[in-house]
$ cat upload_19.pdb   # PDB, C-alpha atoms and all ligand atoms
ATOM      1  CA  MET A1274      43.030   3.026  28.238  1.00  0.00           C
ATOM      2  CA  SER A1275      42.646   0.326  25.633  1.00  0.00           C
ATOM      3  CA  VAL A1276      44.456   0.505  22.333  1.00  0.00           C
ATOM      4  CA  GLY A1277      43.615  -1.682  19.387  1.00  0.00           C
ATOM      5  CA  LYS A1278      41.244  -2.182  16.579  1.00  0.00           C
ATOM      6  CA  GLY A1279      37.797  -1.004  17.465  1.00  0.00           C
ATOM      7  CA  GLU A1280      34.658  -0.726  15.452  1.00  0.00           C
ATOM      8  CA  ARG A1281      34.715   2.158  13.055  1.00  0.00           C
ATOM      9  CA  SER A1282      32.075   4.655  13.993  1.00  0.00           C
ATOM     10  CA  ASP A1283      30.006   6.298  11.313  1.00  0.00           C
ATOM     11  CA  ARG A1284      30.214   9.944  12.275  1.00  0.00           C
ATOM     12  CA  ARG A1285      27.170  10.818  10.192  1.00  0.00           C
ATOM     13  CA  ILE A1286      24.904   8.715  12.404  1.00  0.00           C
ATOM     14  CA  HIS A1287      23.791  10.347  15.647  1.00  0.00           C
ATOM     15  CA  SER A1288      21.606   9.021  18.436  1.00  0.00           C
ATOM     16  CA  VAL A1289      18.612  11.298  18.857  1.00  0.00           C
ATOM     17  CA  GLY A1290      15.844  10.146  21.205  1.00  0.00           C
ATOM     18  CA  ALA A1291      14.943   6.597  20.269  1.00  0.00           C
ATOM     19  CA  PHE A1292      16.458   6.894  16.774  1.00  0.00           C
ATOM     20  CA  ARG A1293      19.743   6.577  14.959  1.00  0.00           C
ATOM     21  CA  VAL A1294      19.660   9.551  12.631  1.00  0.00           C
ATOM     22  CA  ASP A1295      21.491  10.132   9.375  1.00  0.00           C
ATOM     23  CA  ILE A1296      22.019  13.860   9.876  1.00  0.00           C
ATOM     24  CA  ASP A1297      23.518  14.562   6.432  1.00  0.00           C
ATOM     25  CA  ALA A1298      20.604  12.821   4.713  1.00  0.00           C
ATOM     26  CA  LEU A1299      18.006  14.812   6.655  1.00  0.00           C
ATOM     27  CA  TRP A1300      19.788  18.118   6.113  1.00  0.00           C
ATOM     28  CA  GLY A1301      20.365  17.250   2.460  1.00  0.00           C
ATOM     29  CA  ILE A1302      16.731  17.195   1.345  1.00  0.00           C
ATOM     30  CA  ALA A1303      14.103  19.890   0.767  1.00  0.00           C
ATOM     31  CA  HIS A1304      10.448  18.897   0.523  1.00  0.00           C
ATOM     32  CA  CYS A1305       7.279  20.740  -0.428  1.00  0.00           C
ATOM     33  CA  CYS A1306       4.109  18.779  -1.263  1.00  0.00           C
ATOM     34  CA  ARG A1307       2.001  20.392  -3.964  1.00  0.00           C
ATOM     35  CA  ALA A1308      -0.186  17.710  -5.479  1.00  0.00           C
ATOM     36  CA  GLU A1309      -0.276  19.486  -8.848  1.00  0.00           C
ATOM     37  CA  LEU A1310       3.457  18.729  -9.195  1.00  0.00           C
ATOM     38  CA  CYS A1311       2.859  15.011  -9.557  1.00  0.00           C
ATOM     39  CA  LYS A1312      -0.430  15.245 -11.464  1.00  0.00           C
ATOM     40  CA  LYS A1313       1.100  13.753 -14.603  1.00  0.00           C
ATOM     41  CA  MET A1314       3.174  11.068 -12.947  1.00  0.00           C
ATOM     42  CA  LYS A1315       2.789   8.480 -10.221  1.00  0.00           C
ATOM     43  CA  CYS A1316       2.531  10.133  -6.844  1.00  0.00           C
ATOM     44  CA  CYS A1317       3.729   8.831  -3.484  1.00  0.00           C
ATOM     45  CA  CYS A1318       0.288   7.253  -2.827  1.00  0.00           C
ATOM     46  CA  GLU A1319       0.648   4.980  -5.879  1.00  0.00           C
ATOM     47  CA  VAL A1320       4.091   3.532  -5.313  1.00  0.00           C
ATOM     48  CA  TYR A1321       4.646   2.237  -1.802  1.00  0.00           C
ATOM     49  CA  ASP A1322       3.285  -0.560   0.345  1.00  0.00           C
ATOM     50  CA  VAL A1323       2.202   1.121   3.556  1.00  0.00           C
ATOM     51  CA  SER A1324       2.378  -1.103   6.623  1.00  0.00           C
ATOM     52  CA  VAL A1325       0.134  -0.141   9.502  1.00  0.00           C
ATOM     53  CA  THR A1326       0.230  -1.025  13.167  1.00  0.00           C
ATOM     54  CA  GLN A1327      -2.842  -2.160  15.097  1.00  0.00           C
ATOM     55  CA  LYS A1328      -3.095   1.285  16.661  1.00  0.00           C
ATOM     56  CA  GLU A1329      -2.937   3.011  13.272  1.00  0.00           C
ATOM     57  CA  LEU A1330      -5.474   0.562  11.923  1.00  0.00           C
ATOM     58  CA  SER A1331      -7.984   1.522  14.642  1.00  0.00           C
ATOM     59  CA  CYS A1332      -7.357   5.202  13.997  1.00  0.00           C
ATOM     60  CA  ILE A1333      -7.921   4.774  10.244  1.00  0.00           C
ATOM     61  CA  ILE A1334     -11.190   2.899  10.819  1.00  0.00           C
ATOM     62  CA  GLY A1335     -12.364   5.757  13.057  1.00  0.00           C
ATOM     63  CA  MET A1336     -11.383   8.399  10.485  1.00  0.00           C
ATOM     64  CA  VAL A1337     -13.054   6.528   7.631  1.00  0.00           C
ATOM     65  CA  GLU A1338     -16.272   6.296   9.636  1.00  0.00           C
ATOM     66  CA  ALA A1339     -16.068   9.950  10.685  1.00  0.00           C
ATOM     67  CA  GLY A1340     -15.564  11.116   7.108  1.00  0.00           C
ATOM     68  CA  LYS A1341     -18.287   9.144   5.397  1.00  0.00           C
ATOM     69  CA  GLY A1342     -20.620  12.120   5.529  1.00  0.00           C
ATOM     70  CA  PHE A1343     -18.102  14.356   3.702  1.00  0.00           C
ATOM     71  CA  TYR A1344     -16.729  12.172   0.954  1.00  0.00           C
ATOM     72  CA  ALA A1345     -19.312  10.158  -0.898  1.00  0.00           C
ATOM     73  CA  GLY A1346     -16.638   8.436  -2.996  1.00  0.00           C
ATOM     74  CA  LEU A1347     -15.591   6.283  -0.104  1.00  0.00           C
ATOM     75  CA  ASN A1348     -19.089   5.200   0.887  1.00  0.00           C
ATOM     76  CA  SER A1349     -18.884   2.295  -1.536  1.00  0.00           C
ATOM     77  CA  HIS A1350     -16.394   0.699   0.857  1.00  0.00           C
ATOM     78  CA  SER A1351     -19.034  -0.565   3.216  1.00  0.00           C
ATOM     79  CA  ARG A1352     -16.708  -2.611   5.414  1.00  0.00           C
ATOM     80  CA  CYS A1353     -13.590  -1.070   6.938  1.00  0.00           C
ATOM     81  CA  GLN A1354     -11.631  -4.285   6.450  1.00  0.00           C
ATOM     82  CA  GLU A1355     -11.538  -3.508   2.728  1.00  0.00           C
ATOM     83  CA  PHE A1356      -9.050  -0.752   3.415  1.00  0.00           C
ATOM     84  CA  PHE A1357      -6.484  -3.243   4.641  1.00  0.00           C
ATOM     85  CA  GLU A1358      -4.699  -6.315   3.426  1.00  0.00           C
ATOM     86  CA  GLU A1359      -3.376  -8.811   5.925  1.00  0.00           C
ATOM     87  CA  GLY A1360       0.092 -10.110   5.144  1.00  0.00           C
ATOM     88  CA  GLU A1361       2.308 -12.760   6.707  1.00  0.00           C
ATOM     89  CA  GLY A1362       2.593 -12.761  10.469  1.00  0.00           C
ATOM     90  CA  GLY A1363      -0.579 -10.713  10.926  1.00  0.00           C
ATOM     91  CA  VAL A1364       1.024  -7.549   9.499  1.00  0.00           C
ATOM     92  CA  PHE A1365      -1.480  -5.221   7.864  1.00  0.00           C
ATOM     93  CA  SER A1366      -0.922  -2.855   4.982  1.00  0.00           C
ATOM     94  CA  LEU A1367      -3.177  -0.370   3.211  1.00  0.00           C
ATOM     95  CA  ALA A1368      -5.091  -1.916   0.311  1.00  0.00           C
ATOM     96  CA  VAL A1369      -4.422  -0.690  -3.232  1.00  0.00           C
ATOM     97  CA  ASP A1370      -6.660  -0.606  -6.304  1.00  0.00           C
ATOM     98  CA  GLU A1371      -5.899  -2.009  -9.768  1.00  0.00           C
ATOM     99  CA  ASP A1372      -3.600   0.978 -10.487  1.00  0.00           C
ATOM    100  CA  MET A1373      -1.602   0.240  -7.315  1.00  0.00           C
ATOM    101  CA  ARG A1374      -3.083   3.380  -5.767  1.00  0.00           C
ATOM    102  CA  CYS A1375      -3.866   3.403  -2.052  1.00  0.00           C
ATOM    103  CA  VAL A1376      -7.632   3.042  -1.683  1.00  0.00           C
ATOM    104  CA  LEU A1377      -7.606   6.026   0.663  1.00  0.00           C
ATOM    105  CA  ALA A1378      -6.401   8.352  -2.109  1.00  0.00           C
ATOM    106  CA  TYR A1379      -9.012  10.256  -4.085  1.00  0.00           C
ATOM    107  CA  ARG A1380      -8.775  12.474  -7.102  1.00  0.00           C
ATOM    108  CA  SER A1381      -9.531  16.173  -6.808  1.00  0.00           C
ATOM    109  CA  ARG A1382      -9.045  18.864  -9.434  1.00  0.00           C
ATOM    110  CA  HIS A1383      -5.690  19.637  -7.807  1.00  0.00           C
ATOM    111  CA  GLY A1384      -4.428  16.062  -8.098  1.00  0.00           C
ATOM    112  CA  LEU A1385      -4.578  13.117  -5.726  1.00  0.00           C
ATOM    113  CA  ARG A1386      -5.544  13.803  -2.150  1.00  0.00           C
ATOM    114  CA  CYS A1387      -5.426  11.656   0.972  1.00  0.00           C
ATOM    115  CA  TYR A1388      -8.823  10.958   2.434  1.00  0.00           C
ATOM    116  CA  LEU A1389      -7.412  10.668   5.975  1.00  0.00           C
ATOM    117  CA  HIS A1390      -5.660  14.014   5.605  1.00  0.00           C
ATOM    118  CA  SER A1391      -8.809  15.726   4.324  1.00  0.00           C
ATOM    119  CA  VAL A1392     -11.006  14.293   7.069  1.00  0.00           C
ATOM    120  CA  ALA A1393      -8.471  15.331   9.711  1.00  0.00           C
ATOM    121  CA  LEU A1394      -8.516  18.919   8.413  1.00  0.00           C
ATOM    122  CA  ARG A1395     -12.337  18.955   8.396  1.00  0.00           C
ATOM    123  CA  LEU A1396     -12.366  17.696  11.991  1.00  0.00           C
ATOM    124  CA  LYS A1397      -9.611  20.148  12.990  1.00  0.00           C
ATOM    125  CA  LEU A1398      -7.281  17.270  13.889  1.00  0.00           C
ATOM    126  CA  ASN A1399      -3.575  17.078  13.125  1.00  0.00           C
ATOM    127  CA  PRO A1400      -3.254  15.081   9.859  1.00  0.00           C
ATOM    128  CA  TYR A1401       0.289  14.076  10.778  1.00  0.00           C
ATOM    129  CA  ARG A1402      -1.109  12.213  13.792  1.00  0.00           C
ATOM    130  CA  THR A1403      -4.065  10.622  12.019  1.00  0.00           C
ATOM    131  CA  LYS A1404      -2.302   9.169   8.971  1.00  0.00           C
ATOM    132  CA  PRO A1405      -0.056   6.093   9.297  1.00  0.00           C
ATOM    133  CA  GLN A1406       3.387   7.224  10.393  1.00  0.00           C
ATOM    134  CA  ALA A1407       4.952   5.990   7.145  1.00  0.00           C
ATOM    135  CA  CYS A1408       2.742   8.459   5.232  1.00  0.00           C
ATOM    136  CA  ALA A1409       3.090  11.315   7.711  1.00  0.00           C
ATOM    137  CA  ILE A1410       6.886  11.307   7.584  1.00  0.00           C
ATOM    138  CA  TRP A1411       7.397  10.709   3.850  1.00  0.00           C
ATOM    139  CA  PRO A1412       9.889  11.541   2.199  1.00  0.00           C
ATOM    140  CA  LEU A1413      11.589  10.475   5.428  1.00  0.00           C
ATOM    141  CA  ALA A1414      11.527   6.872   6.544  1.00  0.00           C
ATOM    142  CA  VAL A1415      12.060   4.890   9.741  1.00  0.00           C
ATOM    143  CA  SER A1416      13.594   1.413   9.649  1.00  0.00           C
ATOM    144  CA  ASP A1417      12.335  -1.536  11.687  1.00  0.00           C
ATOM    145  CA  GLY A1418      14.232  -2.831  14.676  1.00  0.00           C
ATOM    146  CA  ARG A1419      15.076  -2.068  18.280  1.00  0.00           C
ATOM    147  CA  ARG A1420      17.129   1.022  17.404  1.00  0.00           C
ATOM    148  CA  PRO A1421      15.296   2.290  14.323  1.00  0.00           C
ATOM    149  CA  ALA A1422      17.092   4.547  11.870  1.00  0.00           C
ATOM    150  CA  LEU A1423      15.501   7.803  10.740  1.00  0.00           C
ATOM    151  CA  GLY A1424      16.624   8.836   7.272  1.00  0.00           C
ATOM    152  CA  VAL A1425      15.410   9.650   3.777  1.00  0.00           C
ATOM    153  CA  GLN A1426      13.376   7.184   1.697  1.00  0.00           C
ATOM    154  CA  GLU A1427      15.655   5.799  -1.008  1.00  0.00           C
ATOM    155  CA  SER A1428      13.450   6.720  -3.968  1.00  0.00           C
ATOM    156  CA  ALA A1429      12.457  10.148  -2.621  1.00  0.00           C
ATOM    157  CA  PHE A1430      14.378  12.138  -5.236  1.00  0.00           C
ATOM    158  CA  SER A1431      12.451  10.621  -8.111  1.00  0.00           C
ATOM    159  CA  PHE A1432       9.454  12.763  -7.054  1.00  0.00           C
ATOM    160  CA  PRO A1433       9.177  16.429  -8.053  1.00  0.00           C
ATOM    161  CA  CYS A1434       8.403  17.602  -4.512  1.00  0.00           C
ATOM    162  CA  ASN A1435      11.847  16.631  -3.226  1.00  0.00           C
ATOM    163  CA  ARG A1436      15.174  18.151  -4.152  1.00  0.00           C
ATOM    164  CA  ARG A1437      18.729  17.810  -2.990  1.00  0.00           C
ATOM    165  CA  ARG A1438      20.284  20.700  -1.111  1.00  0.00           C
ATOM    166  CA  PRO A1439      23.664  21.279   0.580  1.00  0.00           C
ATOM    167  CA  ALA A1440      23.622  19.471   3.942  1.00  0.00           C
ATOM    168  CA  ARG A1441      24.539  22.535   5.966  1.00  0.00           C
ATOM    169  CA  GLY A1442      22.802  25.535   7.498  1.00  0.00           C
ATOM    170  CA  ALA A1443      19.253  25.143   8.749  1.00  0.00           C
ATOM    171  CA  LEU A1444      17.028  22.129   8.217  1.00  0.00           C
ATOM    172  CA  ASP A1445      14.646  22.625   5.300  1.00  0.00           C
ATOM    173  CA  GLU A1446      11.313  24.126   6.447  1.00  0.00           C
ATOM    174  CA  GLY A1447       9.224  21.305   4.944  1.00  0.00           C
ATOM    175  CA  ILE A1448      11.316  18.632   6.662  1.00  0.00           C
ATOM    176  CA  GLU A1449      11.284  20.592   9.910  1.00  0.00           C
ATOM    177  CA  GLN A1450       7.487  20.719   9.830  1.00  0.00           C
ATOM    178  CA  ILE A1451       7.203  16.963   9.271  1.00  0.00           C
ATOM    179  CA  ILE A1452       9.506  16.267  12.215  1.00  0.00           C
ATOM    180  CA  ARG A1453       7.821  18.756  14.528  1.00  0.00           C
ATOM    181  CA  GLU A1454       4.306  17.563  13.742  1.00  0.00           C
ATOM    182  CA  THR A1455       5.127  13.863  13.892  1.00  0.00           C
ATOM    183  CA  PHE A1456       7.721  13.564  16.642  1.00  0.00           C
ATOM    184  CA  GLY A1457       7.221  16.796  18.615  1.00  0.00           C
ATOM    185  CA  GLU A1458       9.144  19.968  19.414  1.00  0.00           C
ATOM    186  CA  THR A1459      11.490  18.321  21.935  1.00  0.00           C
ATOM    187  CA  PHE A1460      12.697  15.779  19.417  1.00  0.00           C
ATOM    188  CA  LEU A1461      13.136  18.536  16.826  1.00  0.00           C
ATOM    189  CA  ASP A1462      15.311  20.533  19.275  1.00  0.00           C
ATOM    190  CA  GLN A1463      17.428  17.454  19.995  1.00  0.00           C
ATOM    191  CA  LEU A1464      17.795  16.861  16.284  1.00  0.00           C
ATOM    192  CA  LYS A1465      18.923  20.426  15.669  1.00  0.00           C
ATOM    193  CA  GLU A1466      21.538  20.041  18.424  1.00  0.00           C
ATOM    194  CA  ALA A1467      22.788  16.907  16.678  1.00  0.00           C
ATOM    195  CA  GLY A1468      22.932  18.943  13.457  1.00  0.00           C
ATOM    196  CA  VAL A1469      25.178  21.535  15.130  1.00  0.00           C
ATOM    197  CA  GLU A1470      27.390  18.749  16.506  1.00  0.00           C
ATOM    198  CA  ARG A1471      27.643  17.222  13.041  1.00  0.00           C
ATOM    199  CA  ARG A1472      28.677  20.572  11.541  1.00  0.00           C
ATOM    200  CA  CYS A1473      31.360  20.950  14.217  1.00  0.00           C
ATOM    201  CA  GLN A1474      32.672  17.483  13.325  1.00  0.00           C
ATOM    202  CA  GLY A1475      32.755  18.477   9.669  1.00  0.00           C
ATOM    203  CA  GLU A1476      34.559  21.720  10.492  1.00  0.00           C
ATOM    204  CA  ALA A1477      37.125  19.876  12.632  1.00  0.00           C
ATOM    205  CA  ALA A1478      37.722  17.342   9.845  1.00  0.00           C
ATOM    206  CA  ARG A1479      38.285  20.119   7.289  1.00  0.00           C
ATOM    207  CA  ASN A1480      40.539  22.051   9.621  1.00  0.00           C
ATOM    208  CA  PRO A1481      42.376  19.465  11.773  1.00  0.00           C
ATOM    209  CA  ASP A1482      45.011  21.961  12.995  1.00  0.00           C
ATOM    210  CA  GLY A1483      42.495  24.560  14.079  1.00  0.00           C
ATOM    211  CA  GLY A1484      41.679  25.331  17.711  1.00  0.00           C
ATOM    212  CA  VAL A1485      43.830  24.664  20.760  1.00  0.00           C
TER     213      VAL A1485
HETATM  214  S1  LIG B1501       4.198  14.402  -1.425  1.00  0.00           S
HETATM  215 FE1  LIG B1501       5.007  14.700  -3.521  1.00  0.00          FE
HETATM  216  S2  LIG B1501       4.497  12.846  -4.632  1.00  0.00           S
HETATM  217 FE2  LIG B1501       3.193  12.907  -2.791  1.00  0.00          FE
HETATM  218  S3  LIG B1501       1.288  13.969  -3.406  1.00  0.00           S
HETATM  219 FE3  LIG B1501       2.678  15.550  -2.631  1.00  0.00          FE
HETATM  220  S4  LIG B1501       3.748  16.330  -4.462  1.00  0.00           S
HETATM  221 FE4  LIG B1501       2.852  14.341  -5.010  1.00  0.00          FE
HETATM  222  S1  LIG B1502      -3.059   6.801   3.628  1.00  0.00           S
HETATM  223 FE1  LIG B1502      -3.158   8.731   2.542  1.00  0.00          FE
HETATM  224  S2  LIG B1502      -1.030   9.450   2.397  1.00  0.00           S
HETATM  225 FE2  LIG B1502      -0.997   7.274   2.901  1.00  0.00          FE
HETATM  226  S3  LIG B1502      -0.774   6.229   0.934  1.00  0.00           S
HETATM  227 FE3  LIG B1502      -2.983   6.320   1.446  1.00  0.00          FE
HETATM  228  S4  LIG B1502      -3.719   8.175   0.469  1.00  0.00           S
HETATM  229 FE4  LIG B1502      -1.493   8.321   0.515  1.00  0.00          FE
END
$ encode --input "upload_19.pdb" --output "structure tokens"
Amino acid sequence: MSVGKGERSDRRIHSVGAFRVDIDALWGIAHCCRAELCKKMKCCCEVYDVSVTQKELSCIIGMVEAGKGFYAGLNSHSRCQEFFEEGEGGVFSLAVDEDMRCVLAYRSRHGLRCYLHSVALRLKLNPYRTKPQACAIWPLAVSDGRRPALGVQESAFSFPCNRRRPARGALDEGIEQIIRETFGETFLDQLKEAGVERRCQGEAARNPDGGV
């Protein structure tokens, strides 16, 4: 048995599937998108740069083409390339208009809507699997790197659809839905197990003399 100075482990961070997950952050947020909430302020489609992978790019091109018959507003974009901007190192991101709004957002009487989301619903596809992952998981976020971290987007609480909640009990329903639809039921089950483990750690820390 070795004794000595080791790396301090961050007990909040758990390995779940391919991710390092900040359990307290995920359990500490409630989310419910209702576009009318952000009608009078900038919404999530007007604030972020959304990077897209090659695979996502192909999917978006397909969805834009498939939806042209439904949404006349987008027909003015005659070439799919106009939906993307190429950055350094061949990385693509979604193009924005002069108001910094994603060009795939459109205004409805309920507020801004995502064109990809609407087309997916019309085609009976899962919108979480047809939008770029960064959009599908918001207000969550995944970091780059070999062992990506899954957590909460830093600025999430400045939007009216997100609120803080005590990081205990069950995962918020809105967050649970995002995780299920994007990463699947198995990952969600693993995450919930990690949540139970985290609560046990918290209980043990509060009550160090408890148990045998
Ligand atoms: S997720 Fe939030 S900020 Fe984005 S459209 Fe919905 S209510 Fe608005
Ligand atoms: S792709 Fe859709 S969800 Fe993502 S920023 Fe654009 S409009 Fe918003």
$ axis_aligned_box --input "upload_19.pdb" --around "ligand LIG 1502 (chain B)" --padding-each-side "5 Å" --output "JSON"
{"center_x": -2.2, "center_y": 7.8, "center_z": 2.0, "size_x": 12.9, "size_y": 13.2, "size_z": 13.2}
$ closest_atom_pairs --input "upload_19.pdb" --of "chain A" --to "ligand LIG 1501 (chain B)" --cutoff "9 Å" --atoms "only C-alpha atoms and all ligand atoms" --output "CSV"
residue,atom,partner,partner_atom,distance
A:His1304,CA,B:LIG1501,S1,7.9
A:Cys1305,CA,B:LIG1501,S4,6.9
A:Cys1306,CA,B:LIG1501,FE3,3.8
A:Arg1307,CA,B:LIG1501,S4,4.4
A:Ala1308,CA,B:LIG1501,S4,4.3
A:Glu1309,CA,B:LIG1501,S4,6.7
A:Leu1310,CA,B:LIG1501,S4,5.3
A:Cys1311,CA,B:LIG1501,FE4,4.6
A:Lys1312,CA,B:LIG1501,FE4,7.3
A:Met1314,CA,B:LIG1501,FE4,8.6
A:Lys1315,CA,B:LIG1501,S2,7.3
A:Cys1316,CA,B:LIG1501,S2,4.0
A:Cys1317,CA,B:LIG1501,FE2,4.2
A:Cys1318,CA,B:LIG1501,FE2,6.4
A:Glu1319,CA,B:LIG1501,S2,8.8
A:Gly1384,CA,B:LIG1501,S3,7.7
A:Leu1385,CA,B:LIG1501,S3,6.4
A:Arg1386,CA,B:LIG1501,S3,6.9
A:Cys1387,CA,B:LIG1501,S3,8.3
A:Trp1411,CA,B:LIG1501,S1,7.2
A:Pro1412,CA,B:LIG1501,S1,7.3
A:Ala1429,CA,B:LIG1501,S2,8.6
A:Ser1431,CA,B:LIG1501,S2,9.0
A:Phe1432,CA,B:LIG1501,S2,5.5
A:Pro1433,CA,B:LIG1501,FE1,6.4
A:Cys1434,CA,B:LIG1501,FE1,4.6
A:Asn1435,CA,B:LIG1501,FE1,7.1
$ residues_near_ligand --input "upload_19.pdb" --ligand "ligand LIG 1502 (chain B)" --cutoff "10 Å" --atoms "only C-alpha atoms and all ligand atoms" --output "ChimeraX atom specification"
/A:1316-1325,1333,1356,1366-1369,1374-1379,1385-1391,1400-1401,1403-1411
$ closest_residue --input "upload_19.pdb" --among "A:Arg1285, A:Arg1419, A:Lys1328, A:Lys1397" --to "Arg1472 of chain A" --atoms "only C-alpha atoms"
A:Arg1285
$ atom_distance --input "upload_19.pdb" --atom1 "atom CA of Val1289 of chain A" --atom2 "atom CA of Arg1471 of chain A"
12.3 Å
$ resolve_selection --input "upload_19.pdb" --expression "the PyMOL selection byres (((chain A and resi 1422) around 7) and not hetatm)" --output "ChimeraX atom specification"
/A:1292-1294,1415-1416,1420-1421,1423-1424
$ atom_distance --input "upload_19.pdb" --atom1 "atom CA of Val1337 of chain A" --atom2 "atom CA of Arg1453 of chain A"
25.2 Å
$ atom_distance --input "upload_19.pdb" --atom1 "atom CA of Met1336 of chain A" --atom2 "atom CA of Ala1393 of chain A"
7.6 Å
$ closest_residue --input "upload_19.pdb" --among "A:Gly1418, A:Ser1428, A:Val1469, A:Leu1413" --to "Gly1442 of chain A" --atoms "all atoms listed in the file"
A:Val1469
$ residues_around --input "upload_19.pdb" --residues "segment 1296-1302 of chain A" --least-positions-apart "3" --cutoff "8 Å" --atoms "only C-alpha atoms" --output "PyMOL selection string"
chain A and resi 1285-1287+1413+1424-1425+1435-1441+1443-1445+1448+1467-1468+1471
